[in-house]
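Listing of protein39.cif; format and content: mmCIF, C-alpha atoms and all ligand atoms.
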data_upload
#
loop_
_atom_site.label_atom_id
_atom_site.label_comp_id
_atom_site.auth_asym_id
_atom_site.auth_seq_id
_atom_site.Cartn_x
_atom_site.Cartn_y
_atom_site.Cartn_z
CA MET E 1 89.07 43.13 54.18
CA GLU E 2 89.55 41.80 50.63
CA ASN E 3 91.63 38.90 52.01
CA MET E 4 89.06 38.11 54.64
CA VAL E 5 86.28 37.88 52.05
CA LYS E 6 88.37 35.52 49.94
CA ALA E 7 88.85 33.26 52.98
CA ALA E 8 85.16 32.50 52.72
CA ALA E 9 83.32 30.56 55.40
CA VAL E 10 80.88 29.02 52.94
CA PRO E 11 80.33 25.36 53.79
CA ASP E 12 82.12 23.96 50.71
CA ALA E 13 83.13 20.30 50.61
CA GLN E 14 86.85 20.96 50.51
CA THR E 15 86.79 23.29 53.52
CA LEU E 16 84.63 20.95 55.58
CA SER E 17 86.77 17.91 54.77
CA ALA E 18 89.13 19.32 57.42
CA TYR E 19 86.83 17.74 60.03
CA SER E 20 87.81 14.24 58.98
CA GLY E 21 89.34 12.50 62.01
CA LYS E 22 88.91 15.58 64.24
CA ARG E 23 87.54 15.27 67.77
CA VAL E 24 84.40 17.36 68.29
CA PHE E 25 82.31 17.89 71.43
CA ILE E 26 78.69 19.01 71.01
CA THR E 27 76.28 19.93 73.79
CA GLY E 28 72.64 19.49 72.80
CA ASP E 29 73.25 16.72 70.23
CA THR E 30 69.83 15.19 71.00
CA GLY E 31 68.03 18.40 69.96
CA PHE E 32 66.89 19.69 66.59
CA LYS E 33 69.95 21.66 65.47
CA GLY E 34 72.39 19.47 67.41
CA SER E 35 71.20 16.31 65.65
CA TRP E 36 71.72 17.88 62.20
CA LEU E 37 75.17 19.10 63.27
CA SER E 38 76.08 15.65 64.63
CA LEU E 39 74.91 13.93 61.45
CA TRP E 40 76.80 16.35 59.23
CA LEU E 41 79.99 15.98 61.29
CA SER E 42 79.80 12.21 61.33
CA GLU E 43 79.30 12.26 57.53
CA LEU E 44 82.51 14.32 57.37
CA GLY E 45 84.37 11.66 59.34
CA ALA E 46 84.69 13.57 62.63
CA GLU E 47 84.86 11.76 65.97
CA VAL E 48 81.83 13.26 67.70
CA THR E 49 81.05 13.19 71.41
CA GLY E 50 77.61 14.52 72.31
CA TYR E 51 76.50 15.61 75.77
CA ALA E 52 72.82 16.34 76.43
CA LEU E 53 69.66 15.28 78.18
CA PRO E 54 67.94 12.34 76.46
CA PRO E 55 65.70 13.27 73.50
CA GLY E 56 62.59 15.05 74.75
CA TYR E 57 60.15 13.81 72.09
CA PRO E 58 59.08 10.51 70.58
CA ARG E 59 60.41 10.07 67.00
CA SER E 60 63.20 12.56 67.75
CA HIS E 61 65.56 13.27 64.86
CA PHE E 62 68.41 11.97 67.06
CA GLU E 63 66.72 8.57 67.45
CA LEU E 64 65.46 8.37 63.87
CA LEU E 65 69.02 8.91 62.67
CA GLY E 66 70.39 6.26 65.06
CA LEU E 67 72.93 8.81 66.29
CA ASP E 68 73.41 6.92 69.54
CA ARG E 69 75.22 4.34 67.40
CA THR E 70 77.17 6.66 65.07
CA ILE E 71 78.48 9.15 67.62
CA ARG E 72 79.51 8.76 71.25
CA HIS E 73 76.57 10.16 73.17
CA ILE E 74 76.59 10.90 76.90
CA ASP E 75 73.33 11.45 78.75
CA GLY E 76 74.28 14.45 80.87
CA ASP E 77 73.03 17.71 82.32
CA ILE E 78 74.95 20.96 81.71
CA ARG E 79 73.73 22.13 85.13
CA ASP E 80 76.08 19.49 86.56
CA ALA E 81 79.37 21.38 86.24
CA ALA E 82 81.60 18.53 87.41
CA SER E 83 80.10 15.96 85.04
CA LEU E 84 80.26 18.32 82.05
CA ALA E 85 83.89 19.26 82.78
CA LYS E 86 84.90 15.61 83.26
CA HIS E 87 83.35 14.44 79.99
CA LEU E 88 84.57 17.40 77.95
CA ARG E 89 88.12 16.98 79.16
CA ALA E 90 88.04 13.21 78.60
CA ALA E 91 86.86 13.69 75.00
CA ARG E 92 89.93 15.91 74.28
CA PRO E 93 88.08 17.86 71.59
CA GLU E 94 89.64 20.39 69.25
CA PHE E 95 86.22 21.78 68.40
CA VAL E 96 83.36 22.52 70.81
CA PHE E 97 79.83 23.48 69.75
CA HIS E 98 77.56 24.57 72.60
CA LEU E 99 73.89 24.14 71.66
CA ALA E 100 72.30 22.70 74.82
CA ALA E 101 69.60 25.02 76.10
CA GLN E 102 66.04 25.28 77.27
CA SER E 103 65.11 26.67 73.86
CA LEU E 104 61.40 27.50 74.09
CA VAL E 105 59.88 30.89 74.92
CA ARG E 106 56.59 29.50 76.25
CA ARG E 107 58.28 26.93 78.45
CA SER E 108 60.44 29.72 79.87
CA TYR E 109 57.26 31.29 81.27
CA ALA E 110 56.21 27.98 82.79
CA ASP E 111 59.61 27.32 84.35
CA PRO E 112 61.82 30.42 84.38
CA LEU E 113 64.27 28.91 86.86
CA GLU E 114 64.91 25.87 84.66
CA THR E 115 65.52 28.28 81.77
CA PHE E 116 67.95 30.50 83.67
CA SER E 117 69.80 27.64 85.33
CA THR E 118 70.28 25.82 82.01
CA ASN E 119 70.89 28.74 79.68
CA VAL E 120 72.93 30.96 81.98
CA LEU E 121 74.57 28.80 84.63
CA GLY E 122 74.80 25.75 82.32
CA SER E 123 76.52 27.93 79.72
CA ALA E 124 78.92 29.23 82.39
CA HIS E 125 79.72 25.60 83.23
CA LEU E 126 80.52 24.95 79.57
CA LEU E 127 82.82 27.99 79.40
CA ASP E 128 84.54 26.90 82.57
CA ALA E 129 85.02 23.39 81.19
CA VAL E 130 86.53 24.83 77.99
CA ARG E 131 88.78 27.10 80.04
CA ASN E 132 90.23 24.01 81.69
CA ALA E 133 90.47 21.86 78.56
CA PRO E 134 93.81 22.51 76.82
CA SER E 135 92.85 20.53 73.68
CA VAL E 136 90.19 23.03 72.54
CA ARG E 137 91.06 25.23 69.50
CA ALA E 138 87.61 26.56 68.63
CA LEU E 139 84.39 27.18 70.52
CA ILE E 140 81.08 28.04 68.85
CA TYR E 141 78.70 29.24 71.57
CA VAL E 142 75.12 29.34 70.34
CA THR E 143 72.75 31.94 71.76
CA SER E 144 69.88 33.45 69.72
CA ASP E 145 68.56 36.42 67.76
CA LYS E 146 66.35 36.92 70.82
CA CYS E 147 69.36 38.07 72.85
CA TYR E 148 68.80 41.59 71.44
CA LEU E 149 66.59 43.96 73.35
CA ASN E 150 63.64 44.05 70.96
CA LYS E 151 62.65 47.60 70.12
CA GLU E 152 59.97 46.63 67.60
CA TRP E 153 61.66 48.80 65.02
CA GLU E 154 62.04 48.08 61.32
CA TRP E 155 65.86 48.04 61.33
CA SER E 156 67.88 44.88 61.50
CA TYR E 157 69.75 44.09 64.71
CA ARG E 158 73.52 44.35 64.49
CA GLU E 159 76.05 42.65 66.73
CA THR E 160 76.73 45.92 68.54
CA ASP E 161 73.07 46.50 69.49
CA GLU E 162 71.83 46.42 73.06
CA LEU E 163 71.17 43.03 74.64
CA GLY E 164 68.12 42.26 76.76
CA GLY E 165 64.82 40.42 76.88
CA HIS E 166 61.26 40.87 78.10
CA ASP E 167 60.62 37.14 78.56
CA PRO E 168 62.69 34.63 80.52
CA TYR E 169 64.05 32.86 77.41
CA SER E 170 65.25 36.06 75.70
CA ALA E 171 66.66 37.42 78.97
CA SER E 172 68.51 34.12 79.55
CA LYS E 173 70.10 34.34 76.10
CA ALA E 174 71.15 37.98 76.68
CA ALA E 175 72.61 36.87 80.03
CA ALA E 176 74.42 33.95 78.34
CA GLU E 177 76.07 36.51 76.04
CA LYS E 178 77.22 38.54 79.06
CA VAL E 179 78.60 35.42 80.73
CA PHE E 180 80.54 34.69 77.53
CA GLN E 181 82.02 38.21 77.53
CA GLY E 182 83.18 37.78 81.11
CA TYR E 183 84.84 34.43 80.40
CA TYR E 184 86.26 35.55 77.08
CA HIS E 185 87.94 38.70 78.34
CA SER E 186 89.09 37.19 81.63
CA PHE E 187 90.32 33.82 80.42
CA LEU E 188 89.75 32.56 76.88
CA LYS E 189 91.36 35.38 74.93
CA HIS E 190 94.56 34.83 76.90
CA ARG E 191 94.92 31.45 75.22
CA PRO E 192 96.31 32.47 71.82
CA GLU E 193 95.62 29.05 70.27
CA LEU E 194 91.89 29.15 71.16
CA GLY E 195 89.21 31.01 69.18
CA ALA E 196 85.73 31.50 70.66
CA ALA E 197 82.65 33.14 69.18
CA THR E 198 78.98 33.57 70.05
CA VAL E 199 76.54 32.99 67.21
CA ARG E 200 73.02 34.39 66.99
CA ALA E 201 70.74 32.67 64.50
CA GLY E 202 67.17 33.43 63.55
CA ASN E 203 64.15 31.14 63.60
CA VAL E 204 65.38 27.85 62.29
CA ILE E 205 63.16 25.50 60.31
CA GLY E 206 63.78 22.04 58.93
CA GLY E 207 62.82 18.40 59.25
CA GLY E 208 63.09 16.50 62.50
CA ASP E 209 61.92 19.23 64.86
CA TRP E 210 59.11 18.08 67.19
CA ALA E 211 59.34 20.77 69.88
CA GLU E 212 56.14 22.09 71.48
CA ASP E 213 55.04 25.64 70.66
CA ARG E 214 57.22 26.00 67.62
CA LEU E 215 55.54 26.94 64.39
CA ILE E 216 56.63 24.13 62.06
CA PRO E 217 56.15 21.16 64.41
CA ASP E 218 52.81 22.62 65.56
CA CYS E 219 51.69 22.88 61.91
CA ILE E 220 52.81 19.36 61.05
CA ARG E 221 51.09 17.85 64.11
CA ALA E 222 47.85 19.67 63.21
CA LEU E 223 48.07 18.57 59.56
CA GLN E 224 48.80 14.95 60.51
CA ASN E 225 45.79 14.93 62.86
CA GLY E 226 43.49 16.73 60.40
CA LYS E 227 43.09 19.66 62.81
CA PRO E 228 43.19 23.41 62.04
CA ILE E 229 46.51 25.20 62.56
CA VAL E 230 45.99 27.65 65.41
CA LEU E 231 48.14 30.79 65.14
CA ARG E 232 48.70 33.17 68.02
CA ASN E 233 50.64 35.84 66.10
CA PRO E 234 49.88 35.47 62.36
CA ASP E 235 51.29 38.92 61.55
CA ALA E 236 54.58 38.47 63.40
CA THR E 237 57.66 38.37 61.16
CA ARG E 238 60.69 36.25 61.91
CA PRO E 239 64.07 35.65 60.27
CA TRP E 240 63.19 32.11 59.07
CA GLN E 241 66.14 30.07 57.87
CA PHE E 242 66.71 26.47 56.88
CA VAL E 243 68.51 24.47 59.57
CA LEU E 244 71.56 23.72 57.41
CA GLU E 245 72.24 27.44 56.91
CA PRO E 246 73.32 28.27 60.48
CA VAL E 247 74.68 24.76 61.09
CA GLY E 248 76.87 24.97 57.95
CA GLY E 249 77.93 28.46 59.02
CA TYR E 250 78.95 27.22 62.49
CA LEU E 251 81.00 24.42 60.92
CA ALA E 252 82.88 26.76 58.61
CA HIS E 253 83.23 29.41 61.31
CA ALA E 254 84.82 26.99 63.79
CA LEU E 255 87.49 26.11 61.23
CA LYS E 256 88.24 29.80 60.72
CA LEU E 257 88.45 30.27 64.50
CA ALA E 258 90.99 27.49 64.77
CA GLN E 259 93.09 29.14 62.04
CA ALA E 260 92.84 32.77 63.19
CA PRO E 261 91.49 32.76 66.76
CA GLN E 262 91.36 36.50 67.41
CA ARG E 263 90.17 37.61 64.01
CA TYR E 264 87.03 35.48 64.01
CA ALA E 265 86.15 35.75 67.71
CA GLY E 266 83.34 37.95 69.06
CA SER E 267 79.62 37.82 68.22
CA TRP E 268 78.11 37.02 64.85
CA ASN E 269 74.59 37.00 63.43
CA TYR E 270 73.55 34.16 61.13
CA GLY E 271 70.27 35.05 59.45
CA PRO E 272 68.44 35.03 56.14
CA GLU E 273 68.64 37.71 53.44
CA ALA E 274 66.44 40.72 54.20
CA GLY E 275 64.14 39.73 51.31
CA SER E 276 63.45 36.35 52.99
CA LEU E 277 61.50 37.84 55.85
CA ARG E 278 57.98 36.36 56.03
CA THR E 279 55.02 36.65 58.38
CA VAL E 280 53.85 33.59 60.29
CA ALA E 281 50.66 33.56 58.17
CA GLU E 282 52.66 33.58 54.91
CA VAL E 283 54.83 30.67 56.04
CA VAL E 284 51.82 28.63 57.14
CA GLY E 285 49.94 29.43 53.92
CA ARG E 286 52.82 27.96 51.93
CA ILE E 287 53.02 24.89 54.20
CA ILE E 288 49.31 24.20 53.63
CA GLU E 289 49.78 24.59 49.86
CA LEU E 290 52.66 22.10 49.84
CA TRP E 291 50.91 19.65 52.16
CA GLY E 292 47.82 19.81 49.97
CA ALA E 293 45.33 20.30 52.83
CA GLY E 294 44.79 22.21 56.08
CA LYS E 295 43.30 25.42 57.43
CA ILE E 296 44.30 28.27 59.72
CA GLU E 297 42.52 29.49 62.88
CA ARG E 298 43.50 32.53 64.93
CA GLU E 299 44.04 31.94 68.66
CA THR E 300 41.27 33.71 70.56
CA ALA E 301 42.46 33.24 74.17
CA ASN E 302 43.56 36.44 75.84
CA ASP E 303 47.23 35.62 76.24
CA ALA E 304 49.19 38.31 78.02
CA ARG E 305 52.61 36.72 77.48
CA HIS E 306 54.96 38.98 75.59
CA GLU E 307 56.26 37.97 72.18
CA ALA E 308 58.09 40.28 69.84
CA MET E 309 56.25 41.04 66.59
CA LEU E 310 59.14 42.12 64.42
CA LEU E 311 62.64 40.72 64.39
CA GLN E 312 65.29 41.02 61.68
CA LEU E 313 69.00 40.32 61.81
CA SER E 314 71.71 42.15 59.92
CA ILE E 315 74.15 39.68 58.34
CA ASP E 316 76.55 42.34 57.04
CA LYS E 317 79.32 41.33 59.46
CA VAL E 318 79.31 37.61 58.71
CA ARG E 319 78.97 38.29 54.98
CA GLY E 320 81.73 40.90 54.89
CA GLN E 321 84.25 39.30 57.24
CA LEU E 322 83.59 35.59 56.88
CA GLY E 323 82.16 35.47 53.36
CA TRP E 324 79.15 33.49 54.62
CA ARG E 325 75.76 33.97 53.04
CA PRO E 326 72.49 32.05 52.95
CA VAL E 327 72.09 29.53 50.14
CA TYR E 328 68.30 29.00 50.19
CA ASP E 329 65.61 31.66 49.95
CA ALA E 330 62.44 31.51 52.07
CA ALA E 331 60.49 29.46 49.51
CA LYS E 332 63.21 26.82 49.19
CA SER E 333 63.66 26.65 52.96
CA ILE E 334 59.96 25.97 53.49
CA ASP E 335 59.88 23.48 50.58
CA GLN E 336 62.77 21.45 52.00
CA THR E 337 61.19 21.45 55.44
CA VAL E 338 57.76 20.30 54.29
CA ARG E 339 59.35 17.75 51.95
CA TRP E 340 61.11 16.15 54.93
CA TYR E 341 57.90 15.78 56.99
CA ARG E 342 55.79 14.78 53.97
CA THR E 343 58.23 12.04 52.96
CA MET E 344 58.39 10.71 56.50
CA ASP E 345 54.61 10.92 56.86
CA ARG E 346 54.17 8.75 53.79
CA GLY E 347 56.78 6.28 55.06
CA ASN E 348 58.74 6.73 51.82
CA ALA E 349 62.27 6.94 53.23
CA SER E 350 64.36 6.47 56.33
CA ALA E 351 65.09 9.70 58.20
CA ALA E 352 68.81 9.01 57.92
CA ASP E 353 68.64 8.70 54.11
CA LEU E 354 66.41 11.73 53.82
CA SER E 355 68.50 13.97 56.07
CA ARG E 356 71.76 12.84 54.43
CA ALA E 357 70.25 13.59 51.01
CA GLN E 358 69.22 17.06 52.20
CA ILE E 359 72.77 17.74 53.40
CA ARG E 360 74.16 16.67 49.99
CA GLU E 361 71.59 18.79 48.16
CA TYR E 362 72.43 21.78 50.34
CA MET E 363 76.16 21.36 49.70
CA ALA E 364 75.54 21.17 45.95
CA ALA E 365 73.41 24.33 46.08
CA ALA E 366 76.14 26.07 48.14
CA ALA E 367 78.74 25.09 45.51
CA ASP E 368 76.52 26.45 42.70
CA ALA E 369 75.94 29.68 44.63
CA ALA E 370 79.70 30.07 45.20
CA LYS E 371 80.40 29.53 41.45
CA ALA E 372 77.73 32.04 40.49
CA ALA E 373 79.27 34.61 42.85
CA HIS E 374 82.69 34.41 41.09
N1 LIG D 401 65.49 26.37 66.81
C1 LIG D 401 65.58 27.68 66.66
O1 LIG D 401 64.78 28.29 65.92
C2 LIG D 401 66.65 28.46 67.34
C3 LIG D 401 66.82 29.81 66.99
C4 LIG D 401 67.84 30.56 67.61
C5 LIG D 401 68.63 29.96 68.56
N2 LIG D 401 68.44 28.64 68.90
C6 LIG D 401 69.34 28.06 69.90
O2 LIG D 401 70.06 27.01 69.27
C7 LIG D 401 70.35 25.98 70.22
C8 LIG D 401 69.79 24.66 69.75
O3 LIG D 401 68.39 24.82 69.52
P1 LIG D 401 67.44 23.61 69.12
O4 LIG D 401 66.39 24.17 68.26
O5 LIG D 401 68.25 22.49 68.62
O6 LIG D 401 66.81 23.26 70.55
P2 LIG D 401 66.23 21.87 71.08
O7 LIG D 401 65.30 22.25 72.18
O8 LIG D 401 65.71 21.06 69.96
O9 LIG D 401 67.48 21.13 71.68
C9 LIG D 401 68.05 21.53 72.90
C10 LIG D 401 69.11 20.54 73.30
O10 LIG D 401 69.62 20.94 74.58
C11 LIG D 401 69.57 19.83 75.45
N3 LIG D 401 69.38 20.29 76.82
C12 LIG D 401 68.39 21.05 77.34
N4 LIG D 401 68.59 21.25 78.65
C13 LIG D 401 69.74 20.61 78.95
C14 LIG D 401 70.50 20.44 80.13
N5 LIG D 401 70.11 20.99 81.30
N6 LIG D 401 71.62 19.70 80.09
C15 LIG D 401 72.03 19.13 78.93
N7 LIG D 401 71.37 19.24 77.79
C16 LIG D 401 70.24 19.98 77.80
C17 LIG D 401 68.40 18.99 74.97
O11 LIG D 401 68.50 17.67 75.47
C18 LIG D 401 68.62 19.10 73.47
O12 LIG D 401 69.65 18.21 73.09
C19 LIG D 401 69.75 26.48 71.54
O13 LIG D 401 70.73 27.18 72.25
C20 LIG D 401 68.66 27.43 71.10
O14 LIG D 401 68.32 28.34 72.09
C21 LIG D 401 67.46 27.89 68.30
#

Reformat the file's structure so that it appears as structure tokens.
Ligand SMILES: NC(=O)c1ccc[n+]([C@@H]2O[C@H](COP(=O)([O-])OP(=O)(O)OC[C@H]3O[C@@H](n4cnc5c(N)ncnc54)[C@H](O)[C@@H]3O)[C@@H](O)[C@H]2O)c1
Amino acid sequence: MENMVKAAAVPDAQTLSAYSGKRVFITGDTGFKGSWLSLWLSELGAEVTGYALPPGYPRSHFELLGLDRTIRHIDGDIRDAASLAKHLRAARPEFVFHLAAQSLVRRSYADPLETFSTNVLGSAHLLDAVRNAPSVRALIYVTSDKCYLNKEWEWSYRETDELGGHDPYSASKAAAEKVFQGYYHSFLKHRPELGAATVRAGNVIGGGDWAEDRLIPDCIRALQNGKPIVLRNPDATRPWQFVLEPVGGYLAHALKLAQAPQRYAGSWNYGPEAGSLRTVAEVVGRIIELWGAGKIERETANDARHEAMLLQLSIDKVRGQLGWRPVYDAAKSIDQTVRWYRTMDRGNASAADLSRAQIREYMAAAADAAKAAH
């Protein structure tokens, strides 16, 4: 165990420099987390191929960054197994990050079949493509903290806890985990040079997210339009984390998988420290303070759709075995997020400069945290 902790998966500059010149395939590069991952990897000198539907929102982070010019992007649907397999094989990647998904709980109620076909069958297509791509050394397969059957208890969910979901999104992520297990045990683990892991992150916040029905983009849209911020579950708590925390963890984890495929396989939570848990109302209160204006209204409509109230992730496994830990606390995570939108709102910087600067700042903070820990 001691050795494993020393082989830390903190996203330090020297470790991540291993991506220079490496071929990487990302599904979901046009999305929120995928665009940050693509930017970070292209900053590290990786040869990135992205495969996803076109950006779903105007002013998407992907477009603001000009990623269509810095990486090789393919407009493609993961529900099209043949197309996905053809493009993945042609890219000859060593590293694969699977992030493409229908990622919204509310939309999963509106279109459950789209959610299941993308998140379950689309993920099976990705696993099948990896199975038939001999170049791949590491696969990071992104699901969600919502893959756990939520028992509304005060304990943190551990990787061994029961999977399940009461809404189509959560159920699709639990199912995606099961599909992974089937592929892993039947096929992937028999390739000794290939490491594959599922990663379960909490509620991710950061600049460049414009999705509907997500707390931060909803707040920013309301603030920009001078409207009240309407909250449906102000008392719900979530494992909020800054986008570069899980993304940096995935980057470091994939390198470990390529080095020691069996040891770092399996399922891993990536969440904040227990002390970083905040209610929706607390997060929004801080956003309003930083923005300098705004007010909260409680949603009055009788909405019967289920949403978990309490969700916490245990990060003991990833901390103990990979040496990963969060760098920012809740306050810093919210500050960095609001700073991104505020700066863009005032037209003070290009998104590419701003996002690159936030990656550099995060790396510097990670280096300081690592020094302090020694
Ligand atoms: N954002 C969060 O708080 C959070 C938390 C936990 C887990 N996750 C998971 O992380 C991953 C990335 O999340 P995100 O926040 O970047 O989501 P996002 O909605 O911003 O991006 C989703 C990406 O998937 C692509 N996509 C959707 N359907 C597709 C299809 N049929 N074919 C090809 N591409 C398709 C989109 O084009 C986009 O690039 C998802 O698996 C999501 O479920 C997100």

Would you tabulate, counting all atoms listed in the file, all residues of chain E that have an atom at most 7 Å from an atom of ligand LIG 401 (chain D), showing the closest pair of atoms and their distance in Å to one decimal, sorted by chain then ascending number, as CSV?
residue,atom,partner,partner_atom,distance
E:Thr27,CA,D:LIG401,N7,6.4
E:Gly28,CA,D:LIG401,O12,3.3
E:Asp29,CA,D:LIG401,O12,4.8
E:Thr30,CA,D:LIG401,O12,3.7
E:Gly31,CA,D:LIG401,O9,3.3
E:Phe32,CA,D:LIG401,O5,3.7
E:Lys33,CA,D:LIG401,O5,3.7
E:Gly34,CA,D:LIG401,O5,5.3
E:Tyr51,CA,D:LIG401,C15,6.5
E:Ala52,CA,D:LIG401,N7,3.5
E:Leu53,CA,D:LIG401,O11,3.8
E:Pro54,CA,D:LIG401,O11,5.5
E:Pro55,CA,D:LIG401,O11,5.6
E:Gly56,CA,D:LIG401,O11,6.5
E:Gly76,CA,D:LIG401,C15,5.5
E:Asp77,CA,D:LIG401,N6,3.3
E:Ile78,CA,D:LIG401,N6,3.9
E:Arg79,CA,D:LIG401,N5,5.4
E:Leu99,CA,D:LIG401,C7,4.2
E:Ala100,CA,D:LIG401,O10,3.2
E:Ala101,CA,D:LIG401,C12,4.3
E:Gln102,CA,D:LIG401,C12,4.8
E:Ser103,CA,D:LIG401,O14,4.0
E:Leu104,CA,D:LIG401,O7,6.8
E:Thr118,CA,D:LIG401,N5,4.9
E:Gly122,CA,D:LIG401,N5,6.8
E:Val142,CA,D:LIG401,O13,5.3
E:Thr143,CA,D:LIG401,O13,5.2
E:Ser144,CA,D:LIG401,C5,3.9
E:Asp145,CA,D:LIG401,C4,5.9
E:Arg200,CA,D:LIG401,C5,6.4
E:Ala201,CA,D:LIG401,C4,4.7
E:Gly202,CA,D:LIG401,C3,5.0
E:Asn203,CA,D:LIG401,O1,3.7
E:Val204,CA,D:LIG401,O1,3.7
E:Ile205,CA,D:LIG401,O1,6.5
E:Asp209,CA,D:LIG401,O8,6.6
E:Ala211,CA,D:LIG401,O8,6.4

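Using only C-alpha atoms for every distance, the candidate list E:Gly207, E:Asp128, E:Leu194, E:Ser123 yields E:Ser123 as the residue closest to Ala174 in chain E.
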
With the cut-off set at 9 Å and counting only C-alpha atoms, tabulate each residue of range 42-100 of chain E with an atom at most that distance from an atom of range 253-273 of chain E, showing the nearest atom pair and its distance in Å to one decimal, ordered by chain and increasing number, as JSON lines.
{"residue": "E:Glu94", "atom": "CA", "partner": "E:Ala258", "partner_atom": "CA", "distance": 8.5}
{"residue": "E:Phe95", "atom": "CA", "partner": "E:Ala254", "partner_atom": "CA", "distance": 7.1}
{"residue": "E:Val96", "atom": "CA", "partner": "E:Ala254", "partner_atom": "CA", "distance": 8.4}
{"residue": "E:Phe97", "atom": "CA", "partner": "E:Ala254", "partner_atom": "CA", "distance": 8.5}

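Using all atoms listed in the file, the nearest neighbour of His185 in chain E within the list E:Gly249, E:Thr49, E:Arg131, E:Leu149 is E:Arg131.
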
*Could you check which of E:Pro93, E:Ile74, E:Glu282, E:Leu64 is closest to Lys22 in chain E, using only C-alpha atoms?*
E:Pro93

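The space between CA of Ile315 in chain E and CA of Ala369 in chain E spans 17.1 Å.
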
Counting all atoms listed in the file, give me one row per residue of range 257-322 of chain E with an atom at most 9 Å from an atom of range 9-21 of chain E, showing the shortest contact pair and its distance in Å to one decimal, sorted by chain then residue number, as CSV.
residue,atom,partner,partner_atom,distance
E:Val318,CA,E:Ala9,CA,8.8
E:Arg319,CA,E:Ala9,CA,8.9
E:Gln321,CA,E:Ala9,CA,9.0
E:Leu322,CA,E:Ala9,CA,5.3

*Counting all atoms listed in the file, find the residues whose atoms lie at most 12 Å from (66.6, 37.9, 58.2) (file coordinates) and write them out as a ChimeraX atom specification.*
/E:145,154-158,200-204,237-242,245-246,269-279,310-316,325-326,329-330

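Minimum atom-to-atom distances from E:Gly294, E:Gly206, E:Gly248, E:Pro192 to Ile229 in chain E were compared using only C-alpha atoms, and the lowest value belongs to E:Gly294.
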
_Pick from E:Ile296, E:Leu231, E:Ile220, E:Ile359 nearest to Tyr341 in chain E, counting only C-alpha atoms_ = E:Ile220

Please give the centre and size of the box around range 129-135 of chain E (axis-aligned, containing every atom listed in the file, 4 Å added per side), with values in Å to one decimal and written as JSON.
{"center_x": 89.4, "center_y": 23.8, "center_z": 77.7, "size_x": 16.8, "size_y": 14.6, "size_z": 16.0}

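Note that the spacing between CA of Leu67 in chain E and CA of Trp36 in chain E amounts to 10.0 Å.
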
_Just to confirm, what's the straight-line distance from CA of Cys219 in chain E to CA of Gly66 in chain E in Å (one decimal)?_
25.2 Å

*Excluding same-chain residues fewer than 6 positions from Pro228 in chain E, what lies within 12 Å of it counting only C-alpha atoms, as an NGL selection string?*
:E and (218-222 or 284 or 288 or 293-299)

Write the residues of the preceding selection, restricted to C-alpha atoms, as an mmCIF file, keeping the file's coordinate frame.
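Listed below is the output, result_6.cif:
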data_model
loop_
_atom_site.group_PDB
_atom_site.id
_atom_site.type_symbol
_atom_site.label_atom_id
_atom_site.label_comp_id
_atom_site.auth_asym_id
_atom_site.auth_seq_id
_atom_site.Cartn_x
_atom_site.Cartn_y
_atom_site.Cartn_z
ATOM 1 C CA ASP E 218 52.810 22.620 65.560
ATOM 2 C CA CYS E 219 51.690 22.880 61.910
ATOM 3 C CA ILE E 220 52.810 19.360 61.050
ATOM 4 C CA ARG E 221 51.090 17.850 64.110
ATOM 5 C CA ALA E 222 47.850 19.670 63.210
ATOM 6 C CA VAL E 284 51.820 28.630 57.140
ATOM 7 C CA ILE E 288 49.310 24.200 53.630
ATOM 8 C CA ALA E 293 45.330 20.300 52.830
ATOM 9 C CA GLY E 294 44.790 22.210 56.080
ATOM 10 C CA LYS E 295 43.300 25.420 57.430
ATOM 11 C CA ILE E 296 44.300 28.270 59.720
ATOM 12 C CA GLU E 297 42.520 29.490 62.880
ATOM 13 C CA ARG E 298 43.500 32.530 64.930
ATOM 14 C CA GLU E 299 44.040 31.940 68.660
#

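The smallest atom-to-atom distance between Leu139 in chain E and any of E:Thr198, E:Gln224, E:Ser172, E:Asn119, using all atoms listed in the file, is found for E:Thr198.
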
Since fewer atoms than expected are present, regenerate N, CA, C and O atoms for range 116-120 of chain E and write them as a compact mmCIF listing (two decimals), in the coordinates of the input.
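Everything below was put into selection_1.txt:
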# COMPACT_ATOMS: atom_id res chain seq x y z
N PHE E 116 66.75 29.75 83.27
CA PHE E 116 67.95 30.50 83.67
C PHE E 116 69.07 29.57 84.12
O PHE E 116 70.23 29.79 83.80
N SER E 117 68.71 28.51 84.85
CA SER E 117 69.80 27.64 85.33
C SER E 117 70.46 26.92 84.16
O SER E 117 71.68 26.75 84.14
N THR E 118 69.68 26.52 83.17
CA THR E 118 70.28 25.82 82.01
C THR E 118 71.02 26.81 81.11
O THR E 118 72.19 26.60 80.77
N ASN E 119 70.34 27.87 80.72
CA ASN E 119 70.89 28.74 79.68
C ASN E 119 71.99 29.67 80.20
O ASN E 119 72.87 30.06 79.42
N VAL E 120 71.91 30.04 81.46
CA VAL E 120 72.93 30.96 81.98
C VAL E 120 74.00 30.19 82.75
O VAL E 120 75.17 30.16 82.36
